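Heads up, upload_30.txt below (compact mmCIF, C-alpha atoms):
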```
# COMPACT_ATOMS: atom_id res chain seq x y z
CA MET H 15 51.80 -48.62 -2.58
CA ALA H 16 52.92 -46.78 0.51
CA GLU H 17 53.14 -43.55 -1.48
CA LEU H 18 49.52 -43.83 -2.57
CA GLY H 19 48.31 -44.15 1.04
CA THR H 20 50.36 -41.13 2.10
CA ARG H 21 48.96 -38.95 -0.71
CA PHE H 22 45.41 -39.99 0.15
CA ARG H 23 45.89 -39.00 3.77
CA ARG H 24 47.30 -35.60 2.78
CA VAL H 25 44.42 -34.80 0.43
CA SER H 26 41.76 -35.75 2.95
CA ALA H 27 43.53 -33.75 5.68
CA CYS H 28 43.54 -30.66 3.42
CA ALA H 29 39.87 -31.09 2.47
CA ALA H 30 38.77 -31.19 6.12
CA ARG H 31 40.40 -27.87 7.09
CA GLY H 32 37.24 -25.68 6.74
CA PHE H 33 36.96 -22.06 5.65
CA THR H 34 39.81 -19.59 5.60
CA LEU H 35 39.63 -16.35 7.53
CA ILE H 36 39.30 -14.37 4.28
CA GLU H 37 36.31 -16.46 3.16
CA LEU H 38 34.57 -15.86 6.48
CA VAL H 39 35.23 -12.11 6.38
CA VAL H 40 33.90 -11.86 2.80
CA ALA H 41 30.76 -13.85 3.67
CA LEU H 42 30.07 -11.70 6.74
CA SER H 43 30.66 -8.50 4.76
CA VAL H 44 28.19 -9.51 2.06
CA SER H 45 25.63 -10.43 4.74
CA ALA H 46 26.12 -7.08 6.49
CA ILE H 47 25.61 -5.18 3.24
CA LEU H 48 22.37 -7.05 2.49
CA VAL H 49 21.04 -6.40 6.00
CA GLY H 50 22.06 -2.74 5.74
CA VAL H 51 20.08 -2.37 2.52
CA ALA H 52 16.99 -4.16 3.90
CA ILE H 53 16.65 -2.38 7.27
CA PRO H 54 15.62 1.08 5.97
CA HIS H 55 12.71 -0.54 4.12
CA MET H 56 11.47 -2.18 7.29
CA ARG H 57 11.17 0.85 9.56
CA PRO H 58 7.72 0.92 11.16
CA ARG H 59 7.08 4.54 10.17
CA THR H 60 7.87 3.81 6.52
CA VAL H 61 5.69 0.73 6.62
CA ASN H 62 2.79 2.66 8.21
CA ILE H 63 2.73 5.52 5.70
CA LEU H 64 3.07 3.16 2.73
CA ALA H 65 0.33 0.93 4.13
CA THR H 66 -1.92 3.97 4.59
CA GLN H 67 -1.34 5.08 1.00
CA ARG H 68 -2.08 1.57 -0.28
CA LEU H 69 -5.20 1.39 1.93
CA LEU H 70 -6.51 4.64 0.43
CA ILE H 71 -5.81 3.48 -3.11
CA ALA H 72 -7.42 0.08 -2.49
CA THR H 73 -10.51 1.59 -0.85
CA LEU H 74 -11.09 4.02 -3.71
CA ARG H 75 -10.55 1.32 -6.34
CA VAL H 76 -12.88 -1.13 -4.58
CA ALA H 77 -15.59 1.53 -4.30
CA ARG H 78 -15.25 2.25 -8.02
CA THR H 79 -15.32 -1.44 -8.91
CA ASN H 80 -18.41 -2.01 -6.75
CA ALA H 81 -20.15 0.95 -8.38
CA ILE H 82 -19.53 -0.55 -11.83
CA SER H 83 -20.29 -4.18 -10.98
CA LYS H 84 -23.43 -3.47 -8.91
CA SER H 85 -24.74 -0.60 -11.09
CA VAL H 86 -25.13 1.78 -8.16
CA HIS H 87 -23.23 4.78 -6.86
CA TYR H 88 -20.57 4.51 -4.14
CA LYS H 89 -19.22 7.36 -2.08
CA VAL H 90 -15.90 7.55 -0.24
CA SER H 91 -15.86 10.36 2.30
CA PHE H 92 -13.32 11.68 4.79
CA PRO H 93 -15.11 12.55 8.08
CA SER H 94 -11.87 13.05 10.03
CA THR H 95 -8.12 13.04 9.48
CA THR H 96 -7.83 9.44 10.70
CA GLN H 97 -10.89 7.81 9.13
CA LEU H 98 -12.66 7.32 5.85
CA GLN H 99 -16.11 5.97 5.09
CA VAL H 100 -17.41 3.96 2.17
CA ALA H 101 -21.14 4.11 1.54
CA ARG H 102 -23.36 2.45 -1.01
CA LEU H 103 -25.93 4.90 -2.40
CA ARG H 104 -29.37 4.29 -3.83
CA GLU H 105 -31.51 6.37 -6.11
CA THR H 106 -34.28 8.18 -4.21
CA ALA H 107 -36.81 7.52 -6.99
CA ALA H 108 -36.38 5.53 -10.19
CA GLY H 109 -34.86 7.77 -12.83
CA SER H 110 -34.61 10.81 -10.51
CA GLY H 111 -30.81 10.97 -10.68
CA VAL H 112 -30.68 11.84 -6.98
CA TRP H 113 -28.60 9.43 -4.88
CA GLN H 114 -28.51 9.12 -1.11
CA ALA H 115 -27.06 6.73 1.46
CA ASP H 116 -28.69 3.31 1.33
CA PRO H 117 -30.14 2.60 4.79
CA ALA H 118 -30.07 -1.15 4.10
CA ASN H 119 -26.27 -0.97 3.75
CA PRO H 120 -24.67 1.17 6.48
CA ALA H 121 -21.45 3.00 5.65
CA GLN H 122 -18.23 1.16 6.40
CA THR H 123 -15.76 3.17 8.50
CA ILE H 124 -12.07 2.49 7.99
CA THR H 125 -9.41 3.74 10.41
CA LEU H 126 -5.97 4.62 9.09
CA ARG H 127 -2.74 3.02 10.34
CA PRO H 128 -1.20 4.27 13.62
CA SER H 129 0.73 7.56 13.48
CA THR H 130 -0.71 8.44 10.04
CA SER H 131 -3.43 10.90 9.06
CA LEU H 132 -5.00 12.66 6.12
CA LYS H 133 -4.34 16.26 5.20
CA ALA H 134 -6.71 18.45 7.24
CA SER H 135 -8.15 20.06 4.09
CA LEU H 136 -9.67 16.67 3.11
CA VAL H 137 -11.96 16.53 6.16
CA GLY H 138 -15.57 16.88 5.02
CA THR H 139 -14.82 16.08 1.37
CA SER H 140 -15.82 13.02 -0.62
CA VAL H 141 -15.69 11.41 -4.04
CA GLU H 142 -18.66 9.63 -5.59
CA PHE H 143 -18.41 6.99 -8.30
CA ASN H 144 -21.35 6.40 -10.62
CA SER H 145 -22.35 3.07 -12.17
CA ARG H 146 -19.88 3.61 -15.04
CA GLY H 147 -17.00 4.25 -12.61
CA ILE H 148 -16.82 7.98 -13.30
CA ALA H 149 -15.89 10.22 -10.35
CA LEU H 150 -18.69 12.75 -10.18
CA ALA H 151 -18.14 16.48 -9.56
CA LEU H 152 -14.41 16.36 -10.34
CA THR H 153 -13.18 18.80 -12.95
CA GLY H 154 -9.55 17.77 -12.68
CA ALA H 155 -7.26 15.44 -10.80
CA TRP H 156 -8.04 15.41 -7.09
CA GLN H 157 -5.06 14.84 -4.81
CA VAL H 158 -5.32 12.93 -1.54
CA ASP H 159 -2.37 13.31 0.84
CA ALA H 160 -1.52 10.98 3.72
CA LEU H 161 0.93 12.23 6.36
CA ASP H 162 2.80 10.59 9.19
CA THR H 163 4.09 12.05 12.44
CA PHE H 164 7.63 12.28 11.02
CA GLY H 165 6.64 14.63 8.20
CA VAL H 166 6.58 12.08 5.37
CA THR H 167 3.78 12.61 2.83
CA LYS H 168 2.45 10.03 0.39
CA SER H 169 -0.07 11.14 -2.21
CA LEU H 170 -2.48 9.72 -4.72
CA GLN H 171 -4.72 11.19 -7.39
CA VAL H 172 -8.31 10.50 -8.33
CA TRP H 173 -9.13 11.47 -11.91
CA PRO H 174 -12.58 12.44 -13.24
CA SER H 175 -12.48 9.18 -15.22
CA GLY H 176 -12.40 7.36 -11.87
CA GLN H 177 -8.83 6.17 -12.17
CA VAL H 178 -6.80 6.19 -8.93
CA ASN H 179 -3.04 6.56 -9.23
CA GLU H 180 -0.18 6.61 -6.75
CA LEU H 181 2.08 9.66 -6.82
```
Show how you would write the structure in this file as structure tokens.
Amino acid sequence: MAELGTRFRRVSACAARGFTLIELVVALSVSAILVGVAIPHMRPRTVNILATQRLLIATLRVARTNAISKSVHYKVSFPSTTQLQVARLRETAAGSGVWQADPANPAQTITLRPSTSLKASLVGTSVEFNSRGIALALTGAWQVDALDTFGVTKSLQVWPSGQVNEL
């Protein structure tokens, strides 16, 4: 009987020791590797340029979707390197085929994320989606470039079919 009590005390003393130094070093090393992999993806400049690219894609896709679902034309224009505008258009006369800004629905101005801008050659340009979602006046893929102050460029393409794709 005395032997059984002694064995029990030894086992419980061994179980309460905690972690070895090697186990702690391995756990900390794995944690450091995971943090090292995650930090580059969380840099503010990377986040800003990716958010700007996603904002451009989303704005163009929403304009196209609205044009299809509301059976009117929508225009996305680039008045400056840091802003874009989305405007609903209306036909000047029934069946005329001429579309102009709808005064009942003022254009929505969207400002890009901090430290990002559009390529200067885009200023003054626009893309118009008709009621079938087709991008009018495009003969080929139209590239839209977003830049940040660190020289990173993110691009997207608008196709004559109205599709918007990330590059």
Report summary line: Judged by all atoms listed in the file, the minimum distance to Gly147 of chain H among H:Gly165, H:Pro128, H:Gly176, H:Pro120 is found for H:Gly176
Query raised in the report: Residues at most 10 Å from segment 58-69 of chain H, counting only C-alpha atoms, excluding those fewer than 5 positions away in the same chain, as a ChimeraX atom specification?
Result: /H:74-75,124-132,158-164,166-170,180-181
Query raised in the report: Hey, can you check how far atom CA of Leu136 of chain H sits from atom CA of Phe92 of chain H?
Result: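 Interatomic distance here is 6.4 Å.
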Requested in this report: Could you check how far atom CA of Lys133 of chain H sits from atom CA of Ile148 of chain H, in Å to one decimal?
Outcome: 23.8 Å
List the neighbours of Val172 of chain H out to 6 Å using all atoms listed in the file; skip same-chain residues closer than 4 positions along the sequence, and give me the result as a short mmCIF file (atom, residue, chain, number, x, y, z; two decimals) with C-alpha atoms, keeping the file's coordinate frame.
```
data_model
loop_
_atom_site.label_atom_id
_atom_site.label_comp_id
_atom_site.auth_asym_id
_atom_site.auth_seq_id
_atom_site.Cartn_x
_atom_site.Cartn_y
_atom_site.Cartn_z
CA ALA H 155 -7.26 15.44 -10.80
CA TRP H 156 -8.04 15.41 -7.09
CA GLN H 177 -8.83 6.17 -12.17
CA VAL H 178 -6.80 6.19 -8.93
#
```
Query - Two-atom distance - atom CA of Thr95 of chain H, atom CA of Val137 of chain H (Å) - result: 6.2 Å
Query - Protein and nucleic acid residues near (-18.0, 5.2, -3.9) (cut-off 8 Å, all atoms listed in the file) as JSON, numbers by chain - result: {"H": [74, 77, 78, 80, 81, 87, 88, 89, 90, 100, 101, 102, 141, 142, 143, 144]}
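Among the candidate residues H:Ala72, H:Leu98, H:Ala46, H:Leu103, the one lying nearest to Val86 of chain H is H:Leu103, with distances computed using all atoms listed in the file.
Considering all atoms listed in the file, the residue among H:Ser45, H:Thr96, H:Thr34, H:Ser175 positioned nearest to Arg146 of chain H is H:Ser175.
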Assuming the input is short of atoms at segment 103-127 of chain H, produce N, CA, C and O atoms for that part as an mmCIF file, in the frame of the given file.
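The resulting selection13.cif:
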```cif
data_model
loop_
_atom_site.group_PDB
_atom_site.id
_atom_site.type_symbol
_atom_site.label_atom_id
_atom_site.label_comp_id
_atom_site.auth_asym_id
_atom_site.auth_seq_id
_atom_site.Cartn_x
_atom_site.Cartn_y
_atom_site.Cartn_z
ATOM 1 N N LEU H 103 -24.829 3.951 -2.233
ATOM 2 C CA LEU H 103 -25.930 4.900 -2.400
ATOM 3 C C LEU H 103 -27.058 4.234 -3.179
ATOM 4 O O LEU H 103 -26.841 3.268 -3.906
ATOM 5 N N ARG H 104 -28.242 4.766 -3.025
ATOM 6 C CA ARG H 104 -29.370 4.290 -3.830
ATOM 7 C C ARG H 104 -30.120 5.496 -4.367
ATOM 8 O O ARG H 104 -30.115 6.576 -3.765
ATOM 9 N N GLU H 105 -30.765 5.297 -5.475
ATOM 10 C CA GLU H 105 -31.510 6.370 -6.110
ATOM 11 C C GLU H 105 -32.799 6.604 -5.328
ATOM 12 O O GLU H 105 -33.502 5.664 -4.959
ATOM 13 N N THR H 106 -33.103 7.870 -5.034
ATOM 14 C CA THR H 106 -34.280 8.180 -4.210
ATOM 15 C C THR H 106 -35.574 7.760 -4.911
ATOM 16 O O THR H 106 -36.483 7.242 -4.283
ATOM 17 N N ALA H 107 -35.666 7.966 -6.194
ATOM 18 C CA ALA H 107 -36.810 7.520 -6.990
ATOM 19 C C ALA H 107 -36.274 7.074 -8.342
ATOM 20 O O ALA H 107 -35.304 7.657 -8.851
ATOM 21 N N ALA H 108 -36.866 6.073 -8.918
ATOM 22 C CA ALA H 108 -36.380 5.530 -10.190
ATOM 23 C C ALA H 108 -36.279 6.634 -11.240
ATOM 24 O O ALA H 108 -37.243 7.347 -11.511
ATOM 25 N N GLY H 109 -35.097 6.790 -11.788
ATOM 26 C CA GLY H 109 -34.860 7.770 -12.830
ATOM 27 C C GLY H 109 -34.698 9.198 -12.343
ATOM 28 O O GLY H 109 -34.568 10.114 -13.149
ATOM 29 N N SER H 110 -34.707 9.440 -11.036
ATOM 30 C CA SER H 110 -34.610 10.810 -10.510
ATOM 31 C C SER H 110 -33.195 11.377 -10.635
ATOM 32 O O SER H 110 -33.010 12.583 -10.706
ATOM 33 N N GLY H 111 -32.198 10.505 -10.606
ATOM 34 C CA GLY H 111 -30.810 10.970 -10.680
ATOM 35 C C GLY H 111 -30.289 11.504 -9.356
ATOM 36 O O GLY H 111 -29.184 12.021 -9.284
ATOM 37 N N VAL H 112 -31.094 11.389 -8.303
ATOM 38 C CA VAL H 112 -30.680 11.840 -6.980
ATOM 39 C C VAL H 112 -30.320 10.595 -6.168
ATOM 40 O O VAL H 112 -31.125 9.676 -6.025
ATOM 41 N N TRP H 113 -29.096 10.598 -5.619
ATOM 42 C CA TRP H 113 -28.600 9.430 -4.880
ATOM 43 C C TRP H 113 -28.352 9.804 -3.434
ATOM 44 O O TRP H 113 -27.858 10.886 -3.132
ATOM 45 N N GLN H 114 -28.720 8.902 -2.539
ATOM 46 C CA GLN H 114 -28.510 9.120 -1.110
ATOM 47 C C GLN H 114 -28.027 7.826 -0.480
ATOM 48 O O GLN H 114 -28.091 6.764 -1.099
ATOM 49 N N ALA H 115 -27.562 7.913 0.762
ATOM 50 C CA ALA H 115 -27.060 6.730 1.460
ATOM 51 C C ALA H 115 -28.147 5.669 1.539
ATOM 52 O O ALA H 115 -29.304 5.970 1.816
ATOM 53 N N ASP H 116 -27.768 4.447 1.280
ATOM 54 C CA ASP H 116 -28.690 3.310 1.330
ATOM 55 C C ASP H 116 -28.817 2.836 2.773
ATOM 56 O O ASP H 116 -27.851 2.325 3.345
ATOM 57 N N PRO H 117 -29.998 3.007 3.391
ATOM 58 C CA PRO H 117 -30.140 2.600 4.790
ATOM 59 C C PRO H 117 -29.993 1.095 5.008
ATOM 60 O O PRO H 117 -29.658 0.647 6.095
ATOM 61 N N ALA H 118 -30.224 0.302 3.981
ATOM 62 C CA ALA H 118 -30.070 -1.150 4.100
ATOM 63 C C ALA H 118 -28.603 -1.574 4.177
ATOM 64 O O ALA H 118 -28.287 -2.674 4.618
ATOM 65 N N ASN H 119 -27.712 -0.690 3.731
ATOM 66 C CA ASN H 119 -26.270 -0.970 3.750
ATOM 67 C C ASN H 119 -25.556 0.176 4.456
ATOM 68 O O ASN H 119 -25.173 1.157 3.822
ATOM 69 N N PRO H 120 -25.331 0.074 5.762
ATOM 70 C CA PRO H 120 -24.670 1.170 6.480
ATOM 71 C C PRO H 120 -23.235 1.400 5.981
ATOM 72 O O PRO H 120 -22.585 0.470 5.494
ATOM 73 N N ALA H 121 -22.796 2.627 6.107
ATOM 74 C CA ALA H 121 -21.450 3.000 5.650
ATOM 75 C C ALA H 121 -20.395 2.230 6.451
ATOM 76 O O ALA H 121 -20.551 1.997 7.646
ATOM 77 N N GLN H 122 -19.350 1.848 5.756
ATOM 78 C CA GLN H 122 -18.230 1.160 6.400
ATOM 79 C C GLN H 122 -17.188 2.211 6.771
ATOM 80 O O GLN H 122 -16.754 2.988 5.926
ATOM 81 N N THR H 123 -16.777 2.230 8.032
ATOM 82 C CA THR H 123 -15.760 3.170 8.500
ATOM 83 C C THR H 123 -14.422 2.453 8.587
ATOM 84 O O THR H 123 -14.331 1.367 9.162
ATOM 85 N N ILE H 124 -13.416 3.061 8.016
ATOM 86 C CA ILE H 124 -12.070 2.490 7.990
ATOM 87 C C ILE H 124 -11.133 3.459 8.712
ATOM 88 O O ILE H 124 -11.095 4.641 8.389
ATOM 89 N N THR H 125 -10.372 2.933 9.663
ATOM 90 C CA THR H 125 -9.410 3.740 10.410
ATOM 91 C C THR H 125 -8.027 3.561 9.804
ATOM 92 O O THR H 125 -7.624 2.440 9.482
ATOM 93 N N LEU H 126 -7.301 4.672 9.674
ATOM 94 C CA LEU H 126 -5.970 4.620 9.090
ATOM 95 C C LEU H 126 -4.963 3.978 10.050
ATOM 96 O O LEU H 126 -5.232 3.831 11.245
ATOM 97 N N ARG H 127 -3.802 3.638 9.541
ATOM 98 C CA ARG H 127 -2.740 3.020 10.340
ATOM 99 C C ARG H 127 -2.277 3.972 11.444
ATOM 100 O O ARG H 127 -2.419 5.188 11.324
#
```
